[in-house]
Amino acid sequence: MDKIVSLCKRRGFVFPSSEIYGGLGSTYDYGHYGVLLKQNVKAEWWRAMLQERDDIVALDAAILMHPRTWEASGHLAGFTDPLVDCRTCKQRFRADHIETSACGRKPSKRPGETPDCDLTDPRDFNLMFQTTLGPVKESGATVYLRPETAQGIFVNFKNYLQFSRKKPPFGIAQIGKSFRNEITPGNFVFRTREFEQMEMEYFVPPDEAPKWFEHWLEQRINWYTELGLRPDHLRLRAHAPDELSHYSSATSDVEYLFPIGWSELEGIANRGNFDLTRHAEFSGQKLEYVDTASGERYVPHVIEPAAGADRAALAFLVDAYDEDEIGDEARTVLRLHPRLAPVKVAVLPLVKKDGQPEVAAQIHRELRGRMSAEYDEGGAIGRRYRRQDEIGTPFGVTVDHQTLEDHTVTVRERDSLVQERVPVTELADELERRLRAPWSSPKLAGV
Ligand code: GAP
């Protein structure tokens, strides 16, 4: 993980937030290449949810919602962690993590390990951030930064039945920021207090819920493997009954083998009719589906694949990170799926003279209308390749003296290092063809 964190900072993927002030606990800023990577992850999610299906529609709900939402959803009462304070070292711990926590002493001890540890009884601490709607704190309404995007979908269910001409089974998908005042954040962007979720609520006839739950388990694991995560680093883990959230009758996590061990990437839950029933109760509105032909009416059940964009981006980075040698020289390379790579192609003149920069700049201008492309003419060619390898650019196009004679360029592949000559007139089509081609991690073959 340290190597990933260092590469992310060095190459402008992710920085600690407000770093000049010493940073703010577990919040991060995405730099240029991090923005492009996360954008590609989200675009692939939209592609799988919207473009490749016709039973899902999109939503972008407000982060601030009516406070009754959180009473109905159960978050106000139940979205809590049990906390224990130590009166001696003044630290706070999650009661359910005491065994694996370290206290503030040096050398560090487990809370409660020494006779002078003075622990309070556990108290529930709500993870939602509060703020005030309106200019006056005292008389304004308390509102919350949403801790999940899902509730924005449930409260819009009625709108979607009216306008979208969909009937169950159908889904509503949303990507957006969520906020949780996590007690033990950490491991870089794995667990932060502000993060982006990619959630889809799939509304189904009640008796079809188990079938659709299985369907979404398969779909979601396939999404990660098709985008290049190594299958032997992915698994599904069903929650034990005592792990289930208050709304869920069954949940399975997609887990990835991070450097910190197997950890949740995404949760897929059968939420039953919990949310629609509760919002109907709290709002007084009918939230049910009525089949106009048969007169049948029911409250749909919901299958929810809930993923994190930051966590997914981190998994793709971890899976892609590799070190090898070219000649005698060590290189660091991100073997990202070409569709996820922040930059698809770098155009490099071999030397900064003989008209090569002008030709290369022209090729770059033509390519960038069709894909994310960079032009780089500064420094030795090897160092320019190395820089592109570190940000995961799958293709390097080099303009050399032969280009000026026969209008061909070399295309270098990041993973195989194979170089081929391609006519400039065919370059954009050829690169697009390669970007669309199926791809699997060369780390699988032990390259
Ligand atoms: N609506 C259901 C829900 O929110 P969750 O398992 O709490 O379920 C879904 O969250 C996903 O959101 C997680 O699998 C993870 O990818 C991401 N996520 C949750 N908390 C996070 C945090 N503190 N930092 C980064 N990502 C987080």
# chains A, B, ... in the order shown; residues from 1 in each chain; ligands from 1
>>> residues_near_ligand(ligand="ligand 1", cutoff="7 Å", atoms="only C-alpha atoms and all ligand atoms", output="PDB file with all heavy atoms, in the first residue's frame")
ATOM      1  N   GLU A 148     -25.612   7.521   2.643  1.00  0.00           N
ATOM      2  CA  GLU A 148     -25.680   6.612   1.493  1.00  0.00           C
ATOM      3  C   GLU A 148     -26.539   7.307   0.435  1.00  0.00           C
ATOM      4  O   GLU A 148     -27.382   8.140   0.769  1.00  0.00           O
ATOM      5  CB  GLU A 148     -26.285   5.253   1.875  1.00  0.00           C
ATOM      6  CG  GLU A 148     -27.724   5.332   2.377  1.00  0.00           C
ATOM      7  CD  GLU A 148     -28.396   3.965   2.544  1.00  0.00           C
ATOM      8  OE1 GLU A 148     -27.706   2.935   2.566  1.00  0.00           O
ATOM      9  OE2 GLU A 148     -29.640   3.932   2.635  1.00  0.00           O
ATOM     10  N   THR A 149     -26.304   6.967  -0.828  1.00  0.00           N
ATOM     11  CA  THR A 149     -27.083   7.612  -1.898  1.00  0.00           C
ATOM     12  C   THR A 149     -28.442   6.938  -2.053  1.00  0.00           C
ATOM     13  O   THR A 149     -29.356   7.500  -2.643  1.00  0.00           O
ATOM     14  CB  THR A 149     -26.325   7.547  -3.243  1.00  0.00           C
ATOM     15  OG1 THR A 149     -26.051   6.177  -3.549  1.00  0.00           O
ATOM     16  CG2 THR A 149     -25.041   8.343  -3.200  1.00  0.00           C
ATOM     17  N   ALA A 150     -28.569   5.718  -1.521  1.00  0.00           N
ATOM     18  CA  ALA A 150     -29.748   4.889  -1.769  1.00  0.00           C
ATOM     19  C   ALA A 150     -31.066   5.589  -1.434  1.00  0.00           C
ATOM     20  O   ALA A 150     -32.052   5.459  -2.159  1.00  0.00           O
ATOM     21  CB  ALA A 150     -29.633   3.599  -0.946  1.00  0.00           C
ATOM     22  N   ARG A 180     -19.636   9.882   5.990  1.00  0.00           N
ATOM     23  CA  ARG A 180     -19.786   9.147   7.256  1.00  0.00           C
ATOM     24  C   ARG A 180     -18.669   9.574   8.195  1.00  0.00           C
ATOM     25  O   ARG A 180     -17.494   9.578   7.779  1.00  0.00           O
ATOM     26  CB  ARG A 180     -19.687   7.628   7.029  1.00  0.00           C
ATOM     27  CG  ARG A 180     -20.807   7.102   6.183  1.00  0.00           C
ATOM     28  CD  ARG A 180     -20.722   5.610   5.966  1.00  0.00           C
ATOM     29  NE  ARG A 180     -21.703   5.242   4.942  1.00  0.00           N
ATOM     30  CZ  ARG A 180     -21.880   4.018   4.466  1.00  0.00           C
ATOM     31  NH1 ARG A 180     -21.152   3.017   4.921  1.00  0.00           N
ATOM     32  NH2 ARG A 180     -22.786   3.780   3.539  1.00  0.00           N
ATOM     33  N   GLU A 182     -16.656   8.326  10.112  1.00  0.00           N
ATOM     34  CA  GLU A 182     -16.080   7.028  10.481  1.00  0.00           C
ATOM     35  C   GLU A 182     -15.143   7.192  11.675  1.00  0.00           C
ATOM     36  O   GLU A 182     -14.372   8.145  11.749  1.00  0.00           O
ATOM     37  CB  GLU A 182     -15.272   6.446   9.317  1.00  0.00           C
ATOM     38  CG  GLU A 182     -16.061   6.226   8.029  1.00  0.00           C
ATOM     39  CD  GLU A 182     -16.789   4.899   7.993  1.00  0.00           C
ATOM     40  OE1 GLU A 182     -16.808   4.204   9.022  1.00  0.00           O
ATOM     41  OE2 GLU A 182     -17.372   4.576   6.937  1.00  0.00           O
ATOM     42  N   PRO A 185     -11.263   5.454  10.261  1.00  0.00           N
ATOM     43  CA  PRO A 185     -11.012   5.489   8.826  1.00  0.00           C
ATOM     44  C   PRO A 185      -9.581   5.040   8.580  1.00  0.00           C
ATOM     45  O   PRO A 185      -8.852   4.729   9.534  1.00  0.00           O
ATOM     46  CB  PRO A 185     -11.216   6.954   8.471  1.00  0.00           C
ATOM     47  CG  PRO A 185     -10.887   7.691   9.717  1.00  0.00           C
ATOM     48  CD  PRO A 185     -11.163   6.777  10.867  1.00  0.00           C
ATOM     49  N   VAL A 189      -7.477   5.653   0.539  1.00  0.00           N
ATOM     50  CA  VAL A 189      -8.864   5.992   0.182  1.00  0.00           C
ATOM     51  C   VAL A 189      -9.820   4.825   0.411  1.00  0.00           C
ATOM     52  O   VAL A 189     -10.980   4.885   0.021  1.00  0.00           O
ATOM     53  CB  VAL A 189      -8.969   6.496  -1.276  1.00  0.00           C
ATOM     54  CG1 VAL A 189      -8.232   7.809  -1.440  1.00  0.00           C
ATOM     55  CG2 VAL A 189      -8.464   5.459  -2.267  1.00  0.00           C
ATOM     56  N   PHE A 190      -9.356   3.755   1.076  1.00  0.00           N
ATOM     57  CA  PHE A 190     -10.239   2.611   1.312  1.00  0.00           C
ATOM     58  C   PHE A 190     -11.424   3.018   2.187  1.00  0.00           C
ATOM     59  O   PHE A 190     -12.568   2.696   1.904  1.00  0.00           O
ATOM     60  CB  PHE A 190      -9.473   1.457   1.975  1.00  0.00           C
ATOM     61  CG  PHE A 190     -10.354   0.268   2.225  1.00  0.00           C
ATOM     62  CD1 PHE A 190     -10.601  -0.641   1.213  1.00  0.00           C
ATOM     63  CD2 PHE A 190     -10.965   0.071   3.464  1.00  0.00           C
ATOM     64  CE1 PHE A 190     -11.451  -1.724   1.424  1.00  0.00           C
ATOM     65  CE2 PHE A 190     -11.813  -1.014   3.678  1.00  0.00           C
ATOM     66  CZ  PHE A 190     -12.044  -1.906   2.654  1.00  0.00           C
ATOM     67  N   ARG A 191     -11.141   3.703   3.290  1.00  0.00           N
ATOM     68  CA  ARG A 191     -12.231   4.147   4.179  1.00  0.00           C
ATOM     69  C   ARG A 191     -11.998   5.603   4.526  1.00  0.00           C
ATOM     70  O   ARG A 191     -11.059   5.939   5.249  1.00  0.00           O
ATOM     71  CB  ARG A 191     -12.290   3.298   5.442  1.00  0.00           C
ATOM     72  CG  ARG A 191     -13.558   3.533   6.249  1.00  0.00           C
ATOM     73  CD  ARG A 191     -13.593   2.752   7.556  1.00  0.00           C
ATOM     74  NE  ARG A 191     -13.386   1.329   7.372  1.00  0.00           N
ATOM     75  CZ  ARG A 191     -14.301   0.476   6.914  1.00  0.00           C
ATOM     76  NH1 ARG A 191     -15.483   0.905   6.600  1.00  0.00           N
ATOM     77  NH2 ARG A 191     -14.016  -0.803   6.753  1.00  0.00           N
ATOM     78  N   THR A 192     -12.840   6.475   3.989  1.00  0.00           N
ATOM     79  CA  THR A 192     -12.691   7.907   4.220  1.00  0.00           C
ATOM     80  C   THR A 192     -14.009   8.455   4.745  1.00  0.00           C
ATOM     81  O   THR A 192     -15.004   7.731   4.805  1.00  0.00           O
ATOM     82  CB  THR A 192     -12.319   8.621   2.903  1.00  0.00           C
ATOM     83  OG1 THR A 192     -13.251   8.228   1.902  1.00  0.00           O
ATOM     84  CG2 THR A 192     -10.915   8.254   2.455  1.00  0.00           C
ATOM     85  N   ARG A 193     -13.994   9.734   5.101  1.00  0.00           N
ATOM     86  CA  ARG A 193     -15.227  10.296   5.670  1.00  0.00           C
ATOM     87  C   ARG A 193     -16.106  10.908   4.584  1.00  0.00           C
ATOM     88  O   ARG A 193     -17.268  11.194   4.814  1.00  0.00           O
ATOM     89  CB  ARG A 193     -14.857  11.337   6.726  1.00  0.00           C
ATOM     90  CG  ARG A 193     -14.128  10.675   7.899  1.00  0.00           C
ATOM     91  CD  ARG A 193     -14.095  11.547   9.136  1.00  0.00           C
ATOM     92  NE  ARG A 193     -13.689  10.784  10.283  1.00  0.00           N
ATOM     93  CZ  ARG A 193     -12.462  10.790  10.802  1.00  0.00           C
ATOM     94  NH1 ARG A 193     -11.505  11.525  10.263  1.00  0.00           N
ATOM     95  NH2 ARG A 193     -12.179  10.048  11.849  1.00  0.00           N
ATOM     96  N   GLU A 194     -15.536  11.144   3.424  1.00  0.00           N
ATOM     97  CA  GLU A 194     -16.284  11.662   2.275  1.00  0.00           C
ATOM     98  C   GLU A 194     -15.903  10.765   1.114  1.00  0.00           C
ATOM     99  O   GLU A 194     -14.715  10.603   0.843  1.00  0.00           O
ATOM    100  CB  GLU A 194     -15.842  13.110   2.028  1.00  0.00           C
ATOM    101  CG  GLU A 194     -16.403  13.699   0.785  1.00  0.00           C
ATOM    102  CD  GLU A 194     -15.935  15.143   0.578  1.00  0.00           C
ATOM    103  OE1 GLU A 194     -15.431  15.776   1.513  1.00  0.00           O
ATOM    104  OE2 GLU A 194     -16.068  15.603  -0.566  1.00  0.00           O
ATOM    105  N   PHE A 195     -16.879  10.160   0.459  1.00  0.00           N
ATOM    106  CA  PHE A 195     -16.545   9.205  -0.599  1.00  0.00           C
ATOM    107  C   PHE A 195     -17.679   9.158  -1.609  1.00  0.00           C
ATOM    108  O   PHE A 195     -18.768   9.686  -1.361  1.00  0.00           O
ATOM    109  CB  PHE A 195     -16.290   7.810  -0.008  1.00  0.00           C
ATOM    110  CG  PHE A 195     -17.398   7.312   0.884  1.00  0.00           C
ATOM    111  CD1 PHE A 195     -18.395   6.492   0.398  1.00  0.00           C
ATOM    112  CD2 PHE A 195     -17.451   7.702   2.211  1.00  0.00           C
ATOM    113  CE1 PHE A 195     -19.428   6.052   1.219  1.00  0.00           C
ATOM    114  CE2 PHE A 195     -18.483   7.277   3.040  1.00  0.00           C
ATOM    115  CZ  PHE A 195     -19.471   6.448   2.549  1.00  0.00           C
ATOM    116  N   GLU A 196     -17.397   8.531  -2.738  1.00  0.00           N
ATOM    117  CA  GLU A 196     -18.421   8.445  -3.783  1.00  0.00           C
ATOM    118  C   GLU A 196     -18.975   7.036  -3.866  1.00  0.00           C
ATOM    119  O   GLU A 196     -18.202   6.071  -3.916  1.00  0.00           O
ATOM    120  CB  GLU A 196     -17.825   8.833  -5.135  1.00  0.00           C
ATOM    121  CG  GLU A 196     -18.127  10.260  -5.505  1.00  0.00           C
ATOM    122  CD  GLU A 196     -17.620  10.593  -6.892  1.00  0.00           C
ATOM    123  OE1 GLU A 196     -16.413  10.460  -7.126  1.00  0.00           O
ATOM    124  OE2 GLU A 196     -18.423  10.985  -7.737  1.00  0.00           O
ATOM    125  N   GLN A 197     -20.292   6.951  -3.899  1.00  0.00           N
ATOM    126  CA  GLN A 197     -20.930   5.639  -4.044  1.00  0.00           C
ATOM    127  C   GLN A 197     -21.541   5.487  -5.435  1.00  0.00           C
ATOM    128  O   GLN A 197     -21.924   6.480  -6.069  1.00  0.00           O
ATOM    129  CB  GLN A 197     -22.034   5.472  -2.997  1.00  0.00           C
ATOM    130  CG  GLN A 197     -21.491   5.292  -1.591  1.00  0.00           C
ATOM    131  CD  GLN A 197     -22.587   4.917  -0.611  1.00  0.00           C
ATOM    132  OE1 GLN A 197     -23.581   5.628  -0.501  1.00  0.00           O
ATOM    133  NE2 GLN A 197     -22.418   3.819   0.087  1.00  0.00           N
ATOM    134  N   GLU A 199     -24.593   3.340  -6.610  1.00  0.00           N
ATOM    135  CA  GLU A 199     -25.626   2.443  -6.061  1.00  0.00           C
ATOM    136  C   GLU A 199     -26.780   2.311  -7.051  1.00  0.00           C
ATOM    137  O   GLU A 199     -27.163   3.270  -7.727  1.00  0.00           O
ATOM    138  CB  GLU A 199     -26.166   2.992  -4.738  1.00  0.00           C
ATOM    139  CG  GLU A 199     -25.115   3.064  -3.654  1.00  0.00           C
ATOM    140  CD  GLU A 199     -25.723   3.172  -2.265  1.00  0.00           C
ATOM    141  OE1 GLU A 199     -26.316   4.220  -1.953  1.00  0.00           O
ATOM    142  OE2 GLU A 199     -25.599   2.209  -1.493  1.00  0.00           O
ATOM    143  N   GLU A 264     -14.016  -5.578   1.802  1.00  0.00           N
ATOM    144  CA  GLU A 264     -15.214  -5.317   0.986  1.00  0.00           C
ATOM    145  C   GLU A 264     -14.962  -4.287  -0.106  1.00  0.00           C
ATOM    146  O   GLU A 264     -14.443  -3.213   0.139  1.00  0.00           O
ATOM    147  CB  GLU A 264     -16.329  -4.805   1.919  1.00  0.00           C
ATOM    148  CG  GLU A 264     -17.569  -4.362   1.178  1.00  0.00           C
ATOM    149  CD  GLU A 264     -18.598  -3.708   2.092  1.00  0.00           C
ATOM    150  OE1 GLU A 264     -18.524  -3.897   3.321  1.00  0.00           O
ATOM    151  OE2 GLU A 264     -19.479  -3.003   1.559  1.00  0.00           O
ATOM    152  N   LEU A 265     -15.363  -4.656  -1.301  1.00  0.00           N
ATOM    153  CA  LEU A 265     -15.351  -3.717  -2.432  1.00  0.00           C
ATOM    154  C   LEU A 265     -16.752  -3.175  -2.649  1.00  0.00           C
ATOM    155  O   LEU A 265     -16.944  -2.022  -2.973  1.00  0.00           O
ATOM    156  CB  LEU A 265     -14.995  -4.489  -3.706  1.00  0.00           C
ATOM    157  CG  LEU A 265     -13.688  -4.278  -4.411  1.00  0.00           C
ATOM    158  CD1 LEU A 265     -13.719  -4.981  -5.749  1.00  0.00           C
ATOM    159  CD2 LEU A 265     -13.361  -2.824  -4.581  1.00  0.00           C
ATOM    160  N   GLU A 266     -17.724  -4.071  -2.506  1.00  0.00           N
ATOM    161  CA  GLU A 266     -19.110  -3.740  -2.836  1.00  0.00           C
ATOM    162  C   GLU A 266     -20.026  -4.670  -2.051  1.00  0.00           C
ATOM    163  O   GLU A 266     -19.682  -5.833  -1.829  1.00  0.00           O
ATOM    164  CB  GLU A 266     -19.300  -3.957  -4.344  1.00  0.00           C
ATOM    165  CG  GLU A 266     -20.728  -4.014  -4.811  1.00  0.00           C
ATOM    166  CD  GLU A 266     -20.892  -3.819  -6.316  1.00  0.00           C
ATOM    167  OE1 GLU A 266     -19.883  -3.545  -7.015  1.00  0.00           O
ATOM    168  OE2 GLU A 266     -22.025  -3.929  -6.797  1.00  0.00           O
ATOM    169  N   GLY A 267     -21.175  -4.152  -1.625  1.00  0.00           N
ATOM    170  CA  GLY A 267     -22.155  -5.004  -0.951  1.00  0.00           C
ATOM    171  C   GLY A 267     -23.373  -5.190  -1.843  1.00  0.00           C
ATOM    172  O   GLY A 267     -23.838  -4.231  -2.470  1.00  0.00           O
ATOM    173  N   ALA A 306     -24.317  -2.071  -4.154  1.00  0.00           N
ATOM    174  CA  ALA A 306     -23.814  -0.781  -3.663  1.00  0.00           C
ATOM    175  C   ALA A 306     -22.284  -0.800  -3.656  1.00  0.00           C
ATOM    176  O   ALA A 306     -21.665  -1.502  -2.855  1.00  0.00           O
ATOM    177  CB  ALA A 306     -24.335  -0.524  -2.246  1.00  0.00           C
ATOM    178  N   ALA A 307     -21.708  -0.020  -4.571  1.00  0.00           N
ATOM    179  CA  ALA A 307     -20.248  -0.029  -4.715  1.00  0.00           C
ATOM    180  C   ALA A 307     -19.673   1.331  -4.347  1.00  0.00           C
ATOM    181  O   ALA A 307     -20.393   2.319  -4.280  1.00  0.00           O
ATOM    182  CB  ALA A 307     -19.880  -0.364  -6.162  1.00  0.00           C
ATOM    183  N   GLY A 308     -18.373   1.379  -4.111  1.00  0.00           N
ATOM    184  CA  GLY A 308     -17.693   2.641  -3.839  1.00  0.00           C
ATOM    185  C   GLY A 308     -16.748   2.960  -4.991  1.00  0.00           C
ATOM    186  O   GLY A 308     -15.936   2.114  -5.384  1.00  0.00           O
ATOM    187  N   ALA A 309     -16.870   4.180  -5.538  1.00  0.00           N
ATOM    188  CA  ALA A 309     -16.019   4.548  -6.672  1.00  0.00           C
ATOM    189  C   ALA A 309     -14.554   4.665  -6.237  1.00  0.00           C
ATOM    190  O   ALA A 309     -13.639   4.265  -6.969  1.00  0.00           O
ATOM    191  CB  ALA A 309     -16.489   5.857  -7.289  1.00  0.00           C
ATOM    192  N   ASP A 310     -14.331   5.192  -5.037  1.00  0.00           N
ATOM    193  CA  ASP A 310     -12.953   5.371  -4.564  1.00  0.00           C
ATOM    194  C   ASP A 310     -12.312   4.016  -4.274  1.00  0.00           C
ATOM    195  O   ASP A 310     -11.158   3.758  -4.607  1.00  0.00           O
ATOM    196  CB  ASP A 310     -12.936   6.215  -3.291  1.00  0.00           C
ATOM    197  CG  ASP A 310     -13.752   7.472  -3.458  1.00  0.00           C
ATOM    198  OD1 ASP A 310     -14.986   7.416  -3.239  1.00  0.00           O
ATOM    199  OD2 ASP A 310     -13.184   8.488  -3.851  1.00  0.00           O
ATOM    200  N   ARG A 311     -13.109   3.151  -3.649  1.00  0.00           N
ATOM    201  CA  ARG A 311     -12.587   1.831  -3.281  1.00  0.00           C
ATOM    202  C   ARG A 311     -12.319   1.009  -4.537  1.00  0.00           C
ATOM    203  O   ARG A 311     -11.331   0.274  -4.613  1.00  0.00           O
ATOM    204  CB  ARG A 311     -13.602   1.135  -2.390  1.00  0.00           C
ATOM    205  CG  ARG A 311     -12.923   0.309  -1.347  1.00  0.00           C
ATOM    206  CD  ARG A 311     -13.924  -0.259  -0.399  1.00  0.00           C
ATOM    207  NE  ARG A 311     -14.093   0.562   0.795  1.00  0.00           N
ATOM    208  CZ  ARG A 311     -14.806   0.182   1.839  1.00  0.00           C
ATOM    209  NH1 ARG A 311     -15.419  -0.993   1.834  1.00  0.00           N
ATOM    210  NH2 ARG A 311     -14.919   0.959   2.893  1.00  0.00           N
ATOM    211  N   ALA A 312     -13.207   1.133  -5.527  1.00  0.00           N
ATOM    212  CA  ALA A 312     -12.993   0.411  -6.783  1.00  0.00           C
ATOM    213  C   ALA A 312     -11.723   0.946  -7.466  1.00  0.00           C
ATOM    214  O   ALA A 312     -10.879   0.165  -7.920  1.00  0.00           O
ATOM    215  CB  ALA A 312     -14.195   0.564  -7.704  1.00  0.00           C
TER     216      ALA A 312
END
>>> residues_around(residues="Val418 (chain A)", least_positions_apart="6", cutoff="12 Å", atoms="only C-alpha atoms", output="list in words")
Pro394, Phe395, Gly396, Val397, Thr410, Val411 and Arg412 of chain A
>>> closest_residue(among="A:Val35, A:Ile183, A:Val155, A:Leu427", to="Ala62 (chain A)", atoms="only C-alpha atoms")
A:Val155
>>> closest_residue(among="A:Ser441, A:Ser73, A:Thr408, A:Thr425", to="His246 (chain A)", atoms="only C-alpha atoms")
A:Ser73
>>> residues_around(residues="Thr332 (chain A)", least_positions_apart="4", cutoff="9 Å", atoms="only C-alpha atoms", output="ChimeraX atom specification")
/A:321-325,386-387,389-390
>>> write_last_selection(atoms="N, CA, C and O atoms", output="mmCIF file, in the first residue's frame")
data_model
loop_
_atom_site.group_PDB
_atom_site.id
_atom_site.type_symbol
_atom_site.label_atom_id
_atom_site.label_comp_id
_atom_site.auth_asym_id
_atom_site.auth_seq_id
_atom_site.Cartn_x
_atom_site.Cartn_y
_atom_site.Cartn_z
ATOM 1 N N TYR A 321 -0.617 -2.318 -10.155
ATOM 2 C CA TYR A 321 0.755 -1.937 -9.807
ATOM 3 C C TYR A 321 1.729 -3.088 -10.062
ATOM 4 O O TYR A 321 1.512 -4.215 -9.641
ATOM 5 N N ASP A 322 2.809 -2.794 -10.757
ATOM 6 C CA ASP A 322 3.784 -3.845 -11.054
ATOM 7 C C ASP A 322 5.173 -3.213 -11.189
ATOM 8 O O ASP A 322 5.305 -2.021 -11.483
ATOM 9 N N GLU A 323 6.176 -4.043 -10.953
ATOM 10 C CA GLU A 323 7.560 -3.594 -11.157
ATOM 11 C C GLU A 323 8.234 -4.638 -12.022
ATOM 12 O O GLU A 323 8.054 -5.835 -11.803
ATOM 13 N N ASP A 324 8.970 -4.190 -13.034
ATOM 14 C CA ASP A 324 9.748 -5.148 -13.822
ATOM 15 C C ASP A 324 11.045 -4.472 -14.263
ATOM 16 O O ASP A 324 11.390 -3.391 -13.762
ATOM 17 N N GLU A 325 11.728 -5.088 -15.182
ATOM 18 C CA GLU A 325 12.986 -4.502 -15.662
ATOM 19 C C GLU A 325 12.968 -4.460 -17.177
ATOM 20 O O GLU A 325 12.523 -5.396 -17.824
ATOM 21 N N ARG A 386 8.873 5.807 -19.461
ATOM 22 C CA ARG A 386 8.790 5.367 -18.064
ATOM 23 C C ARG A 386 7.695 6.155 -17.323
ATOM 24 O O ARG A 386 6.943 5.615 -16.537
ATOM 25 N N ARG A 387 7.622 7.455 -17.635
ATOM 26 C CA ARG A 387 6.619 8.302 -16.995
ATOM 27 C C ARG A 387 5.209 7.846 -17.403
ATOM 28 O O ARG A 387 4.303 7.751 -16.579
ATOM 29 N N ASP A 389 4.431 4.830 -18.422
ATOM 30 C CA ASP A 389 4.197 3.515 -17.802
ATOM 31 C C ASP A 389 3.672 3.681 -16.382
ATOM 32 O O ASP A 389 2.789 2.957 -15.942
ATOM 33 N N GLU A 390 4.219 4.646 -15.672
ATOM 34 C CA GLU A 390 3.825 4.858 -14.268
ATOM 35 C C GLU A 390 2.404 5.362 -14.114
ATOM 36 O O GLU A 390 1.796 5.193 -13.062
#
>>> closest_residue(among="A:Asn181, A:Thr27, A:Ser440, A:Gln285", to="Leu336 (chain A)", atoms="only C-alpha atoms")
A:Ser440
>>> closest_atom_pairs(of="region 250-289 of chain A", to="region 2-8 of chain A", cutoff="12 Å", atoms="only C-alpha atoms", output="tab-separated table")
residue	atom	partner	partner_atom	distance
A:Phe258	CA	A:Ile4	CA	11.4
A:Pro259	CA	A:Asp2	CA	9.6
A:Ile260	CA	A:Asp2	CA	11.1
>>> select_by_dssp(residues="region 179-267 of chain A", states="strand (DSSP E or B)", output="number ranges by chain")
A: 179, 186, 191, 194-204, 234-238, 250-258, 261-267
>>> closest_residue(among="A:Thr132, A:Gln162, A:Gln91, A:Asn273", to="Pro111 (chain A)", atoms="only C-alpha atoms")
A:Gln91
>>> closest_residue(among="A:Leu76, A:Ala269, A:Ala361, A:Leu229", to="Leu127 (chain A)", atoms="only C-alpha atoms")
A:Leu76
>>> residues_around(residues="region 337-341 of chain A", least_positions_apart="5", cutoff="9 Å", atoms="only C-alpha atoms", output="list in words")
Tyr33, Leu36, Leu37, Lys38, Gln39, Asn40, Val41, Glu44, Glu226, Leu227, Gly228, Leu229, Phe316, Ala320, Ile391, Gly392, Thr393, Pro394, Phe395, Arg434, Leu435, Arg436, Trp439, Ser440 and Ser441 of chain A
>>> closest_atom_pairs(of="region 73-183 of chain A", to="region 298-305 of chain A", cutoff="10 Å", atoms="only C-alpha atoms", output="JSON lines")
{"residue": "A:Ala150", "atom": "CA", "partner": "A:Glu304", "partner_atom": "CA", "distance": 8.6}
{"residue": "A:Phe154", "atom": "CA", "partner": "A:Val302", "partner_atom": "CA", "distance": 9.8}
{"residue": "A:Lys167", "atom": "CA", "partner": "A:Pro300", "partner_atom": "CA", "distance": 9.9}
{"residue": "A:Pro168", "atom": "CA", "partner": "A:Pro300", "partner_atom": "CA", "distance": 7.3}
{"residue": "A:Pro169", "atom": "CA", "partner": "A:Pro300", "partner_atom": "CA", "distance": 8.6}
{"residue": "A:Phe170", "atom": "CA", "partner": "A:Val302", "partner_atom": "CA", "distance": 9.7}
{"residue": "A:Gly171", "atom": "CA", "partner": "A:Val302", "partner_atom": "CA", "distance": 8.9}
{"residue": "A:Ile172", "atom": "CA", "partner": "A:Glu304", "partner_atom": "CA", "distance": 9.9}
{"residue": "A:Ala173", "atom": "CA", "partner": "A:Pro305", "partner_atom": "CA", "distance": 9.6}
>>> select_by_dssp(residues="region 82-315 of chain A", states="alpha helix (DSSP H)", output="ChimeraX atom specification")
/A:150-154,157-163,209-226,274-283,309-315
>>> residues_around(residues="His233 (chain A)", least_positions_apart="3", cutoff="8 Å", atoms="only C-alpha atoms", output="ChimeraX atom specification")
/A:229-230,256-257
>>> closest_residue(among="A:Ser178, A:Asn222, A:Gln388, A:Thr398", to="Ala48 (chain A)", atoms="only C-alpha atoms")
A:Asn222
>>> decode(residues="region 394-410 of chain A", atoms="C-alpha atoms", output="compact mmCIF listing (two decimals), in the first residue's frame")
# COMPACT_ATOMS: atom_id res chain seq x y z
CA PRO A 394 -1.36 1.60 -22.67
CA PHE A 395 0.03 2.97 -25.96
CA GLY A 396 3.02 5.11 -26.88
CA VAL A 397 3.24 6.53 -30.40
CA THR A 398 6.71 7.55 -31.49
CA VAL A 399 7.47 9.82 -34.40
CA ASP A 400 10.95 9.25 -35.84
CA HIS A 401 12.95 10.02 -38.97
CA GLN A 402 11.10 7.27 -40.88
CA THR A 403 7.76 8.96 -40.13
CA LEU A 404 8.85 11.93 -42.22
CA GLU A 405 9.64 9.60 -45.13
CA ASP A 406 6.76 7.09 -45.15
CA HIS A 407 4.10 8.51 -42.80
CA THR A 408 4.24 5.62 -40.37
CA VAL A 409 4.77 5.73 -36.60
CA THR A 410 5.68 3.08 -34.05
